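The structure file run33.csv is reproduced below (CSV, C-alpha atoms and all ligand atoms).
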chain,number,residue,atom,x,y,z
A,17,MET,CA,116.5,116.1,57.0
A,18,LEU,CA,115.3,119.5,58.1
A,19,ALA,CA,111.8,118.4,57.4
A,20,GLN,CA,112.0,116.0,60.3
A,21,LEU,CA,112.3,118.8,62.9
A,22,THR,CA,109.3,119.2,65.1
A,23,GLN,CA,107.7,122.6,65.6
A,24,GLN,CA,109.0,124.5,68.7
A,25,PRO,CA,106.8,126.9,70.6
A,26,PRO,CA,108.1,130.5,70.6
A,27,ASP,CA,109.7,131.6,73.9
A,28,ALA,CA,106.6,132.5,75.9
A,29,LEU,CA,108.0,135.6,77.5
A,30,LEU,CA,109.4,137.1,74.3
A,31,ALA,CA,106.2,136.2,72.4
A,32,LEU,CA,104.3,138.6,74.8
A,33,ILE,CA,106.2,141.5,73.2
A,34,LYS,CA,104.5,140.9,69.8
A,35,LEU,CA,101.1,140.1,71.3
A,36,TYR,CA,101.1,143.4,73.3
A,37,SER,CA,102.2,145.4,70.2
A,38,ALA,CA,99.3,143.9,68.2
A,39,ASP,CA,96.7,144.9,70.9
A,40,GLU,CA,95.0,148.1,69.7
A,41,ARG,CA,93.3,149.0,73.0
A,42,ALA,CA,94.6,152.4,74.2
A,43,ASP,CA,94.7,151.6,77.9
A,44,LYS,CA,96.7,148.4,77.5
A,45,ILE,CA,99.4,147.7,80.1
A,46,ASP,CA,102.6,145.8,79.4
A,47,LEU,CA,103.9,143.9,82.5
A,48,GLY,CA,105.7,141.3,80.4
A,49,VAL,CA,109.4,141.3,79.5
A,50,GLY,CA,111.8,142.8,82.0
A,51,VAL,CA,112.6,146.2,80.8
A,52,TYR,CA,112.6,149.3,83.0
A,53,ARG,CA,109.9,152.0,82.1
A,54,THR,CA,109.7,155.5,83.3
A,55,GLY,CA,106.6,157.0,85.0
A,56,GLN,CA,105.5,157.9,81.4
A,57,GLY,CA,105.9,154.3,80.3
A,58,ASP,CA,109.0,154.8,78.2
A,59,THR,CA,112.3,152.9,78.1
A,60,PRO,CA,114.7,155.7,77.0
A,61,VAL,CA,118.4,155.4,76.3
A,62,PHE,CA,120.3,156.7,79.4
A,63,THR,CA,121.7,160.2,79.0
A,64,SER,CA,125.1,158.9,80.2
A,65,ILE,CA,125.0,156.3,77.5
A,66,LYS,CA,124.1,158.8,74.8
A,67,LYS,CA,127.1,160.9,75.9
A,68,ALA,CA,129.4,157.9,75.9
A,69,GLU,CA,128.1,156.9,72.4
A,70,GLN,CA,128.9,160.4,71.1
A,71,ILE,CA,132.4,160.1,72.5
A,72,LEU,CA,132.7,156.7,70.7
A,73,VAL,CA,131.4,158.2,67.4
A,74,ASP,CA,134.0,161.0,67.7
A,75,HIS,CA,137.0,159.1,68.9
A,76,GLN,CA,136.7,155.4,68.2
A,77,ASP,CA,139.2,154.8,65.5
A,78,SER,CA,138.7,151.2,64.6
A,79,LYS,CA,136.2,148.4,64.7
A,80,ALA,CA,138.8,145.7,64.1
A,81,TYR,CA,138.4,142.4,66.1
A,82,LEU,CA,139.3,142.4,69.8
A,83,GLY,CA,139.3,138.6,70.4
A,84,PRO,CA,137.0,136.2,72.2
A,85,GLU,CA,137.4,138.0,75.6
A,86,GLY,CA,136.0,141.2,74.1
A,87,ASP,CA,136.8,144.6,75.6
A,88,MET,CA,139.0,143.9,78.6
A,89,GLY,CA,138.9,147.6,79.5
A,90,PHE,CA,135.2,147.1,80.1
A,91,VAL,CA,135.8,144.0,82.1
A,92,GLU,CA,138.3,145.8,84.3
A,93,ALA,CA,136.2,148.9,84.7
A,94,LEU,CA,133.3,146.9,86.1
A,95,LYS,CA,135.3,145.1,88.8
A,96,PRO,CA,135.1,147.9,91.4
A,97,ILE,CA,131.4,148.2,90.9
A,98,ILE,CA,130.8,144.4,91.3
A,99,PHE,CA,133.4,143.5,93.9
A,100,GLY,CA,133.7,146.7,95.8
A,101,ALA,CA,136.6,148.5,97.5
A,102,GLY,CA,137.3,146.1,100.4
A,103,PHE,CA,137.3,142.9,98.4
A,104,SER,CA,140.4,140.8,99.2
A,105,LYS,CA,140.5,138.3,96.3
A,106,LEU,CA,140.7,140.5,93.2
A,107,ASP,CA,143.9,138.8,92.2
A,108,GLN,CA,142.1,135.5,92.1
A,109,ILE,CA,139.5,136.8,89.5
A,110,ASP,CA,139.7,137.0,85.7
A,111,GLY,CA,136.9,138.0,83.5
A,112,MET,CA,135.7,138.3,79.9
A,113,GLN,CA,133.0,140.1,78.1
A,114,THR,CA,129.9,138.0,77.0
A,115,PRO,CA,126.8,138.7,74.8
A,116,GLY,CA,124.5,139.8,77.6
A,117,GLY,CA,124.0,138.2,81.0
A,118,THR,CA,122.6,135.2,79.1
A,119,GLY,CA,126.0,134.7,77.5
A,120,GLY,CA,127.6,134.9,81.0
A,121,VAL,CA,125.2,132.2,82.3
A,122,ARG,CA,125.8,130.0,79.2
A,123,LEU,CA,129.5,130.3,79.5
A,124,ALA,CA,129.5,129.7,83.3
A,125,ALA,CA,127.4,126.5,82.9
A,126,ALA,CA,129.5,125.3,80.0
A,127,LEU,CA,132.7,126.0,82.0
A,128,ALA,CA,131.3,124.1,84.9
A,129,LYS,CA,130.4,121.2,82.6
A,130,ALA,CA,133.9,121.2,81.1
A,131,ALA,CA,135.3,121.1,84.7
A,132,GLY,CA,133.3,117.9,85.4
A,133,VAL,CA,130.1,119.3,86.9
A,134,THR,CA,127.2,117.1,85.9
A,135,LYS,CA,124.4,118.6,88.0
A,136,ILE,CA,123.5,122.2,88.6
A,137,TRP,CA,121.1,123.0,91.4
A,138,MET,CA,118.7,126.0,91.2
A,139,GLY,CA,115.7,127.3,93.0
A,140,THR,CA,112.3,127.2,91.4
A,141,PRO,CA,110.8,129.2,90.1
A,142,SER,CA,113.8,130.7,88.2
A,143,TRP,CA,114.3,132.7,85.1
A,144,PRO,CA,112.9,130.2,82.5
A,145,ASN,CA,116.0,130.5,80.3
A,146,HIS,CA,118.2,129.1,83.1
A,147,ALA,CA,116.6,125.7,82.7
A,148,GLN,CA,116.6,126.0,78.9
A,149,ILE,CA,120.4,126.7,78.9
A,150,MET,CA,121.1,123.7,81.2
A,151,LYS,CA,118.9,121.4,79.0
A,152,ASP,CA,120.7,122.6,75.8
A,153,LEU,CA,124.1,121.9,77.5
A,154,GLY,CA,122.9,118.4,78.7
A,155,VAL,CA,123.6,119.3,82.3
A,156,GLU,CA,121.3,117.7,84.9
A,157,VAL,CA,119.2,120.2,87.0
A,158,GLY,CA,118.5,119.7,90.7
A,159,THR,CA,115.8,121.9,92.1
A,160,PHE,CA,114.7,123.3,95.4
A,161,ASN,CA,111.9,125.6,96.3
A,162,HIS,CA,112.9,129.3,96.3
A,163,ALA,CA,109.9,131.2,97.7
A,164,SER,CA,108.0,130.6,101.0
A,165,ALA,CA,104.3,131.3,101.2
A,166,ASP,CA,105.0,134.5,103.3
A,167,GLY,CA,106.9,136.1,100.5
A,168,THR,CA,110.4,135.5,101.8
A,169,ALA,CA,113.1,133.1,100.6
A,170,ASP,CA,112.7,129.4,101.5
A,171,MET,CA,116.0,128.9,103.4
A,172,ALA,CA,114.9,125.4,104.5
A,173,GLY,CA,114.6,124.3,100.9
A,174,LEU,CA,118.0,125.7,100.1
A,175,ARG,CA,119.7,124.0,103.1
A,176,GLU,CA,118.2,120.7,102.2
A,177,ALA,CA,119.4,121.0,98.6
A,178,ILE,CA,123.0,121.8,99.7
A,179,ALA,CA,122.9,118.9,102.1
A,180,ALA,CA,121.7,116.6,99.4
A,181,ALA,CA,124.1,117.8,96.7
A,182,ALA,CA,127.5,116.2,95.9
A,183,PRO,CA,130.6,118.3,96.4
A,184,THR,CA,131.1,118.1,92.6
A,185,ASP,CA,127.8,119.7,91.8
A,186,ALA,CA,127.3,123.4,91.1
A,187,ILE,CA,124.5,125.7,92.4
A,188,LEU,CA,123.0,128.7,90.5
A,189,LEU,CA,121.9,131.6,92.7
A,190,HIS,CA,120.5,135.0,91.8
A,191,GLY,CA,122.7,137.7,93.3
A,192,CYS,CA,119.8,140.2,93.8
A,193,CYS,CA,116.4,141.2,92.4
A,194,HIS,CA,115.4,137.6,92.0
A,195,ASN,CA,113.8,136.9,88.6
A,196,PRO,CA,110.8,136.1,88.6
A,197,THR,CA,109.8,136.4,92.3
A,198,GLY,CA,111.6,139.6,93.6
A,199,ILE,CA,112.4,137.5,96.7
A,200,ASP,CA,116.0,138.0,97.7
A,201,TYR,CA,118.1,136.4,100.5
A,202,THR,CA,118.7,138.6,103.5
A,203,LEU,CA,122.3,139.4,104.5
A,204,SER,CA,122.1,136.9,107.3
A,205,ASP,CA,120.8,134.3,104.8
A,206,TRP,CA,123.8,135.0,102.5
A,207,GLU,CA,126.2,134.6,105.5
A,208,GLU,CA,124.7,131.2,106.1
A,209,ILE,CA,124.7,130.3,102.3
A,210,ALA,CA,128.4,131.3,102.1
A,211,ARG,CA,129.2,129.0,105.1
A,212,LEU,CA,127.2,126.1,103.7
A,213,LEU,CA,128.8,126.4,100.3
A,214,ALA,CA,132.3,126.6,101.7
A,215,GLY,CA,131.6,123.6,103.9
A,216,LYS,CA,130.2,121.5,101.0
A,217,GLY,CA,132.8,122.5,98.4
A,218,MET,CA,130.3,122.8,95.5
A,219,LEU,CA,130.7,125.4,92.8
A,220,PRO,CA,128.6,128.6,93.1
A,221,ILE,CA,127.4,130.2,89.9
A,222,LEU,CA,126.1,133.7,90.8
A,223,ASP,CA,123.9,135.4,88.3
A,224,LEU,CA,124.0,139.2,89.0
A,225,ALA,CA,121.8,140.7,86.3
A,226,TYR,CA,120.1,143.6,88.2
A,227,GLN,CA,122.8,145.3,90.3
A,228,GLY,CA,121.6,148.7,91.4
A,229,LEU,CA,117.9,148.0,90.8
A,230,GLY,CA,117.2,146.7,94.3
A,231,ASP,CA,118.7,148.7,97.3
A,232,GLY,CA,121.8,150.2,95.7
A,233,LEU,CA,125.0,149.1,93.9
A,234,GLU,CA,126.8,148.2,97.1
A,235,GLU,CA,123.8,146.6,98.8
A,236,ASP,CA,122.9,144.5,95.8
A,237,ALA,CA,126.3,142.9,95.5
A,238,ALA,CA,126.8,142.3,99.2
A,239,GLY,CA,125.5,138.7,99.1
A,240,VAL,CA,127.7,137.8,96.1
A,241,ARG,CA,130.7,139.3,97.8
A,242,LEU,CA,130.1,137.3,101.0
A,243,VAL,CA,130.0,134.0,99.0
A,244,LEU,CA,133.2,134.9,97.1
A,245,GLU,CA,135.0,135.7,100.3
A,246,ALA,CA,134.1,132.3,101.7
A,247,VAL,CA,134.6,129.9,98.8
A,248,PRO,CA,137.8,129.1,96.8
A,249,GLU,CA,136.1,129.0,93.4
A,250,ALA,CA,133.1,130.6,91.8
A,251,LEU,CA,131.7,131.9,88.5
A,252,ILE,CA,129.8,135.1,88.2
A,253,ALA,CA,127.5,135.9,85.3
A,254,TYR,CA,126.9,139.7,85.0
A,255,SER,CA,124.6,141.8,83.0
A,256,CYS,CA,124.7,145.5,82.1
A,257,ASP,CA,121.5,145.2,80.0
A,258,LYS,CA,119.3,146.5,82.8
A,259,ASN,CA,121.5,148.8,84.9
A,260,PHE,CA,122.8,150.6,81.8
A,261,GLY,CA,119.5,150.1,79.9
A,262,LEU,CA,121.4,148.4,77.0
A,263,TYR,CA,119.1,145.5,76.5
A,264,ARG,CA,119.4,144.9,72.8
A,265,ASP,CA,123.1,145.8,72.7
A,266,ARG,CA,123.7,142.6,74.8
A,267,VAL,CA,126.3,143.7,77.3
A,268,GLY,CA,127.4,141.1,79.8
A,269,ALA,CA,130.5,139.5,81.4
A,270,ILE,CA,131.7,136.4,83.2
A,271,TYR,CA,134.1,136.5,86.1
A,272,MET,CA,135.9,133.4,87.1
A,273,MET,CA,137.4,133.0,90.5
A,274,GLY,CA,140.0,130.3,90.9
A,275,GLU,CA,141.9,128.9,93.9
A,276,GLY,CA,145.3,130.5,93.7
A,277,VAL,CA,146.6,132.9,91.0
A,278,ASP,CA,148.4,130.2,89.0
A,279,CYS,CA,145.2,128.5,87.8
A,280,LEU,CA,143.6,131.6,86.4
A,281,PRO,CA,145.2,131.6,83.0
A,282,CYS,CA,144.1,128.0,82.5
A,283,ILE,CA,140.5,128.8,83.6
A,284,ALA,CA,140.4,131.9,81.3
A,285,SER,CA,141.8,129.9,78.4
A,286,ASN,CA,138.9,127.5,78.7
A,287,GLY,CA,136.4,130.4,78.8
A,288,ALA,CA,138.0,131.9,75.7
A,289,ALA,CA,137.9,128.6,73.9
A,290,LEU,CA,134.2,128.1,74.7
A,291,ALA,CA,133.4,131.6,73.7
A,292,ARG,CA,135.2,131.1,70.4
A,293,ALA,CA,133.1,128.0,69.6
A,294,ASN,CA,129.9,129.6,70.7
A,295,TRP,CA,129.9,133.2,69.5
A,296,SER,CA,133.5,133.8,68.5
A,297,MET,CA,133.5,137.4,69.9
A,298,PRO,CA,131.0,139.4,71.8
A,299,PRO,CA,129.4,142.6,70.3
A,300,ASP,CA,131.5,145.6,71.1
A,301,HIS,CA,129.4,148.7,71.0
A,302,GLY,CA,127.5,148.6,74.3
A,303,ALA,CA,130.4,147.4,76.3
A,304,ALA,CA,132.6,150.2,74.9
A,305,ALA,CA,129.9,152.7,76.0
A,306,VAL,CA,129.9,151.2,79.5
A,307,ARG,CA,133.7,151.4,79.6
A,308,THR,CA,133.6,155.0,78.4
A,309,ILE,CA,131.2,155.9,81.3
A,310,LEU,CA,133.2,154.0,84.0
A,311,GLU,CA,136.5,155.6,82.9
A,312,ASP,CA,135.1,159.1,83.4
A,313,ALA,CA,134.2,160.3,86.9
A,314,ALA,CA,131.5,162.8,85.7
A,315,LEU,CA,129.8,160.3,83.5
A,316,THR,CA,129.9,157.6,86.2
A,317,ALA,CA,128.2,160.0,88.6
A,318,GLU,CA,125.6,160.8,86.0
A,319,TRP,CA,125.0,157.1,85.4
A,320,LYS,CA,124.7,156.4,89.1
A,321,ASP,CA,122.0,159.2,89.4
A,322,GLU,CA,120.1,157.7,86.5
A,323,LEU,CA,120.2,154.3,88.1
A,324,GLU,CA,119.1,155.7,91.4
A,325,SER,CA,116.0,157.3,89.9
A,326,MET,CA,115.1,154.0,88.3
A,327,ARG,CA,115.5,152.2,91.7
A,328,THR,CA,113.5,154.9,93.5
A,329,ARG,CA,110.6,154.6,91.1
A,330,ILE,CA,110.5,150.8,91.2
A,331,ASN,CA,110.4,150.9,95.0
A,332,GLN,CA,107.7,153.6,94.9
A,333,VAL,CA,105.5,151.4,92.8
A,334,ARG,CA,106.1,148.5,95.1
A,335,ALA,CA,105.1,150.7,98.1
A,336,ARG,CA,102.0,151.8,96.3
A,337,LEU,CA,101.0,148.2,95.4
A,338,ALA,CA,101.6,147.1,99.0
A,339,GLU,CA,99.5,150.0,100.3
A,340,ALA,CA,96.5,148.7,98.3
A,341,GLY,CA,96.6,145.6,100.7
A,342,VAL,CA,94.6,142.7,99.3
A,343,ALA,CA,93.1,142.9,95.8
A,344,GLY,CA,90.5,140.1,95.5
A,345,SER,CA,92.4,137.1,96.6
A,346,VAL,CA,95.9,138.5,96.0
A,347,ASP,CA,97.9,139.9,98.9
A,348,LEU,CA,100.0,142.7,97.6
A,349,ARG,CA,101.6,143.6,100.9
A,350,PRO,CA,104.7,141.4,100.6
A,351,LEU,CA,105.7,143.3,97.4
A,352,ALA,CA,107.0,146.2,99.5
A,353,GLY,CA,109.8,144.0,101.0
A,354,GLN,CA,110.7,142.4,97.7
A,355,ARG,CA,113.2,143.9,95.2
A,356,GLY,CA,113.9,144.5,91.6
A,357,LEU,CA,111.7,144.5,88.5
A,358,PHE,CA,109.6,141.4,89.3
A,359,ALA,CA,107.0,139.9,91.5
A,360,ILE,CA,104.9,136.8,91.1
A,361,LEU,CA,101.2,137.2,91.8
A,362,PRO,CA,99.3,134.0,92.7
A,363,LEU,CA,96.9,134.0,89.8
A,364,SER,CA,95.6,131.0,87.8
A,365,LYS,CA,96.1,130.6,84.1
A,366,GLU,CA,92.4,131.6,83.6
A,367,GLN,CA,92.8,134.7,85.7
A,368,ILE,CA,95.9,135.7,83.7
A,369,ALA,CA,94.0,135.1,80.5
A,370,ALA,CA,91.1,137.2,81.7
A,371,LEU,CA,93.4,140.1,82.6
A,372,ARG,CA,94.6,140.0,79.0
A,373,SER,CA,91.3,139.6,77.3
A,374,ASP,CA,89.1,141.7,79.5
A,375,HIS,CA,91.5,144.3,80.8
A,376,ALA,CA,94.4,144.5,78.2
A,377,ILE,CA,96.9,143.7,80.9
A,378,TYR,CA,99.8,141.5,79.7
A,379,MET,CA,102.0,139.4,82.1
A,380,ALA,CA,103.9,136.2,81.9
A,381,GLY,CA,102.0,132.9,82.2
A,382,SER,CA,103.7,132.3,85.6
A,383,GLY,CA,101.9,135.3,87.1
A,384,ARG,CA,105.1,137.4,87.0
A,385,ILE,CA,104.6,141.1,86.6
A,386,ASN,CA,107.2,143.7,85.6
A,387,ILE,CA,106.7,146.3,88.4
A,388,ALA,CA,108.1,149.0,86.1
A,389,GLY,CA,105.3,148.6,83.7
A,390,LEU,CA,103.0,150.2,86.3
A,391,THR,CA,102.7,154.0,86.5
A,392,MET,CA,100.7,156.4,88.6
A,393,GLY,CA,98.4,156.6,85.6
A,394,ASN,CA,97.6,152.9,85.3
A,395,ILE,CA,98.2,151.4,88.7
A,396,ASP,CA,94.7,151.9,90.0
A,397,LYS,CA,93.2,150.2,86.9
A,398,PHE,CA,95.7,147.3,87.5
A,399,ILE,CA,94.8,146.8,91.1
A,400,LYS,CA,91.1,146.9,90.3
A,401,ALA,CA,91.5,144.4,87.5
A,402,VAL,CA,93.4,142.0,89.7
A,403,ALA,CA,90.7,142.3,92.3
A,404,THR,CA,88.0,141.7,89.7
A,405,VAL,CA,89.5,138.6,88.1
A,406,SER,CA,90.6,137.0,91.5
A,407,ALA,CA,87.5,137.8,93.5
B,1,LIG,C1,113.2,138.9,81.5
B,1,LIG,O1,113.3,138.0,82.3
B,1,LIG,O2,112.1,139.5,81.2
B,1,LIG,C2,114.5,139.5,80.9
B,1,LIG,O3,115.6,138.9,81.5
B,1,LIG,C3,114.5,139.3,79.4
B,1,LIG,C4,114.8,138.0,79.0
B,1,LIG,O4,115.8,137.8,78.2
B,1,LIG,O5,114.0,137.0,79.3

Rewrite the structure of this file - the entire thing - as structure tokens.
Amino acid sequence: MLAQLTQQPPDALLALIKLYSADERADKIDLGVGVYRTGQGDTPVFTSIKKAEQILVDHQDSKAYLGPEGDMGFVEALKPIIFGAGFSKLDQIDGMQTPGGTGGVRLAAALAKAAGVTKIWMGTPSWPNHAQIMKDLGVEVGTFNHASADGTADMAGLREAIAAAAPTDAILLHGCCHNPTGIDYTLSDWEEIARLLAGKGMLPILDLAYQGLGDGLEEDAAGVRLVLEAVPEALIAYSCDKNFGLYRDRVGAIYMMGEGVDCLPCIASNGAALARANWSMPPDHGAAAVRTILEDAALTAEWKDELESMRTRINQVRARLAEAGVAGSVDLRPLAGQRGLFAILPLSKEQIAALRSDHAIYMAGSGRINIAGLTMGNIDKFIKAVATVSA
């Protein structure tokens, strides 16, 4: 029976990791998968994480099972970071740990499906795995255009989608640092989105995978908080993979907001049952390290400093690209106003292939670049190469 399976292509984004490693050119540039890199091109373990891991080595006394919800101390410790001090609905929110933000998105979509949602709307382009998850779950996807030609969010497209949706549909929105475009909603866009979603009654699924990499921890969660204050029910998929640099440790969470305190145990029980059937229990180590940081004021301050230096560097690279103006046919100026690790450059498949073959520059086939792959040492080469292939 297994012989009847048809060959599947490798995930295009993850395949880039191997292609880049195999390239022997010394001046190669990796703008592929979304990992932060320092000005020296490294992705080091955070100092705060190293310290937390040392504390775990010294004091963790068991690795016995915790259960499908994982480390609830981690889930609780993250709440003030995500929801903030003034948030009025904390008693309507329950959470559980998931394997990475992907686990959070998967569980959110599966919960929505279990609750009767048959269609989930999302902007295009989106993180390619969003559509793959929906397809795997057998949930219909409705799409709307996310990015306008001027490099801002296409609010008209979103308004039309919400107007066309059924109240029993769900909508998946990126909380900040939109992947792959870097184009976020403004605060006044979010106010309107919150109003529209509350009016329609559809279920928001908010994917917050890059909190702190845009404008700051508070600023990056502001849109999500506005939506949560306005609607009765929502699901939030959260990732610590980027803002704690824990990528391969797979550290994420789902938060479930229900209408009224009474329904929470029922929602959470469904989350736990789905988790048990999917992955049984999430991996512990990374989440335990995050909890250790967030339960310690000095380590939390150190982590926030490390996150701030990442954000500052990303935004410096954005400013430097925008300063270059127009490279060939590519206008780099809108990148200054966009946020997070990613931007989409309007390059053709042939131009992207030429960047790889002639200039050893690796980026996703969509034209997405990882801003953090650029350093003061390689950015001029990059701008020149973009100008050459797009002239
Ligand atoms: C990315 O978009 O590059 C990251 O979120 C990594 C991934 O899992 O795709």

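Proximity to Asp300 in chain A was assessed for A:Val91, A:Val133, A:Ala172, A:Ala407 counting all atoms listed in the file; the smallest distance is recorded for A:Val91.
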
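Distance annotation: of A:Asn259, A:Gln20, A:Ser37, A:Thr404, the residue with the minimal separation from His375 in chain A is A:Thr404; atom set is only C-alpha atoms.
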
Within 10 Å of ligand LIG 1 (chain B), which residues of chain A come that close, and what is the closest atom pair and distance in Å for each? Count all atoms listed in the file and give it as CSV.
residue,atom,partner,partner_atom,distance
A:Asp27,CA,B:LIG1,O5,8.8
A:Ala28,CA,B:LIG1,O5,9.3
A:Leu29,CA,B:LIG1,O5,6.4
A:Leu30,CA,B:LIG1,O5,6.8
A:Leu47,CA,B:LIG1,O2,9.4
A:Gly48,CA,B:LIG1,O2,6.7
A:Val49,CA,B:LIG1,O2,3.7
A:Gly50,CA,B:LIG1,O2,3.4
A:Val51,CA,B:LIG1,O2,6.7
A:Tyr52,CA,B:LIG1,O2,10.0
A:Gly116,CA,B:LIG1,O4,8.9
A:Gly117,CA,B:LIG1,O3,8.4
A:Thr118,CA,B:LIG1,O4,7.3
A:Ser142,CA,B:LIG1,O1,9.4
A:Trp143,CA,B:LIG1,O1,6.1
A:Pro144,CA,B:LIG1,O5,7.6
A:Asn145,CA,B:LIG1,O5,6.9
A:His146,CA,B:LIG1,O5,9.7
A:His194,CA,B:LIG1,O1,9.9
A:Asn195,CA,B:LIG1,O1,6.4
A:Pro196,CA,B:LIG1,O1,7.0
A:Ala225,CA,B:LIG1,O3,8.0
A:Tyr226,CA,B:LIG1,O3,9.3
A:Ser255,CA,B:LIG1,O3,9.6
A:Asp257,CA,B:LIG1,O3,8.8
A:Lys258,CA,B:LIG1,O3,8.6
A:Tyr263,CA,B:LIG1,C3,8.2
A:Arg264,CA,B:LIG1,O4,9.6
A:Arg266,CA,B:LIG1,O4,9.8
A:Leu357,CA,B:LIG1,O2,8.9
A:Phe358,CA,B:LIG1,O1,8.6
A:Ala380,CA,B:LIG1,O2,8.9
A:Arg384,CA,B:LIG1,O2,9.3
A:Ile385,CA,B:LIG1,O2,9.4
A:Asn386,CA,B:LIG1,O2,7.8

Sphere at (124.8, 122.5, 95.9), radius 8 Å, counting only C-alpha atoms: residues as a compact mmCIF listing (two decimals) with C-alpha atoms, in the frame of the given file:
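What landed in result.txt:
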# COMPACT_ATOMS: atom_id res chain seq x y z
CA ILE A 136 123.50 122.20 88.60
CA TRP A 137 121.10 123.00 91.40
CA ALA A 177 119.40 121.00 98.60
CA ILE A 178 123.00 121.80 99.70
CA ALA A 179 122.90 118.90 102.10
CA ALA A 180 121.70 116.60 99.40
CA ALA A 181 124.10 117.80 96.70
CA ALA A 182 127.50 116.20 95.90
CA PRO A 183 130.60 118.30 96.40
CA ASP A 185 127.80 119.70 91.80
CA ALA A 186 127.30 123.40 91.10
CA ILE A 187 124.50 125.70 92.40
CA LEU A 213 128.80 126.40 100.30
CA LYS A 216 130.20 121.50 101.00
CA MET A 218 130.30 122.80 95.50
CA LEU A 219 130.70 125.40 92.80
CA PRO A 220 128.60 128.60 93.10

List as JSON lines every residue of range 166-282 of chain A that is in contact with range 66-84 of chain A, defined as an atom at most 12 Å from one of its atoms (using all atoms listed in the file), together with the nearest atom pair and the distance in Å rounded to one decimal, sorted by chain and then rising number.
{"residue": "A:Phe260", "atom": "CA", "partner": "A:Lys66", "partner_atom": "CA", "distance": 10.9}
{"residue": "A:Gly261", "atom": "CA", "partner": "A:Lys66", "partner_atom": "CA", "distance": 11.1}
{"residue": "A:Leu262", "atom": "CA", "partner": "A:Lys66", "partner_atom": "CA", "distance": 11.0}
{"residue": "A:Ala269", "atom": "CA", "partner": "A:Pro84", "partner_atom": "CA", "distance": 11.7}

| said: One decimal, in Å: what's the spacing between CA of Leu123 in chain A and CA of Ala291 in chain A? | reply: 7.1 Å
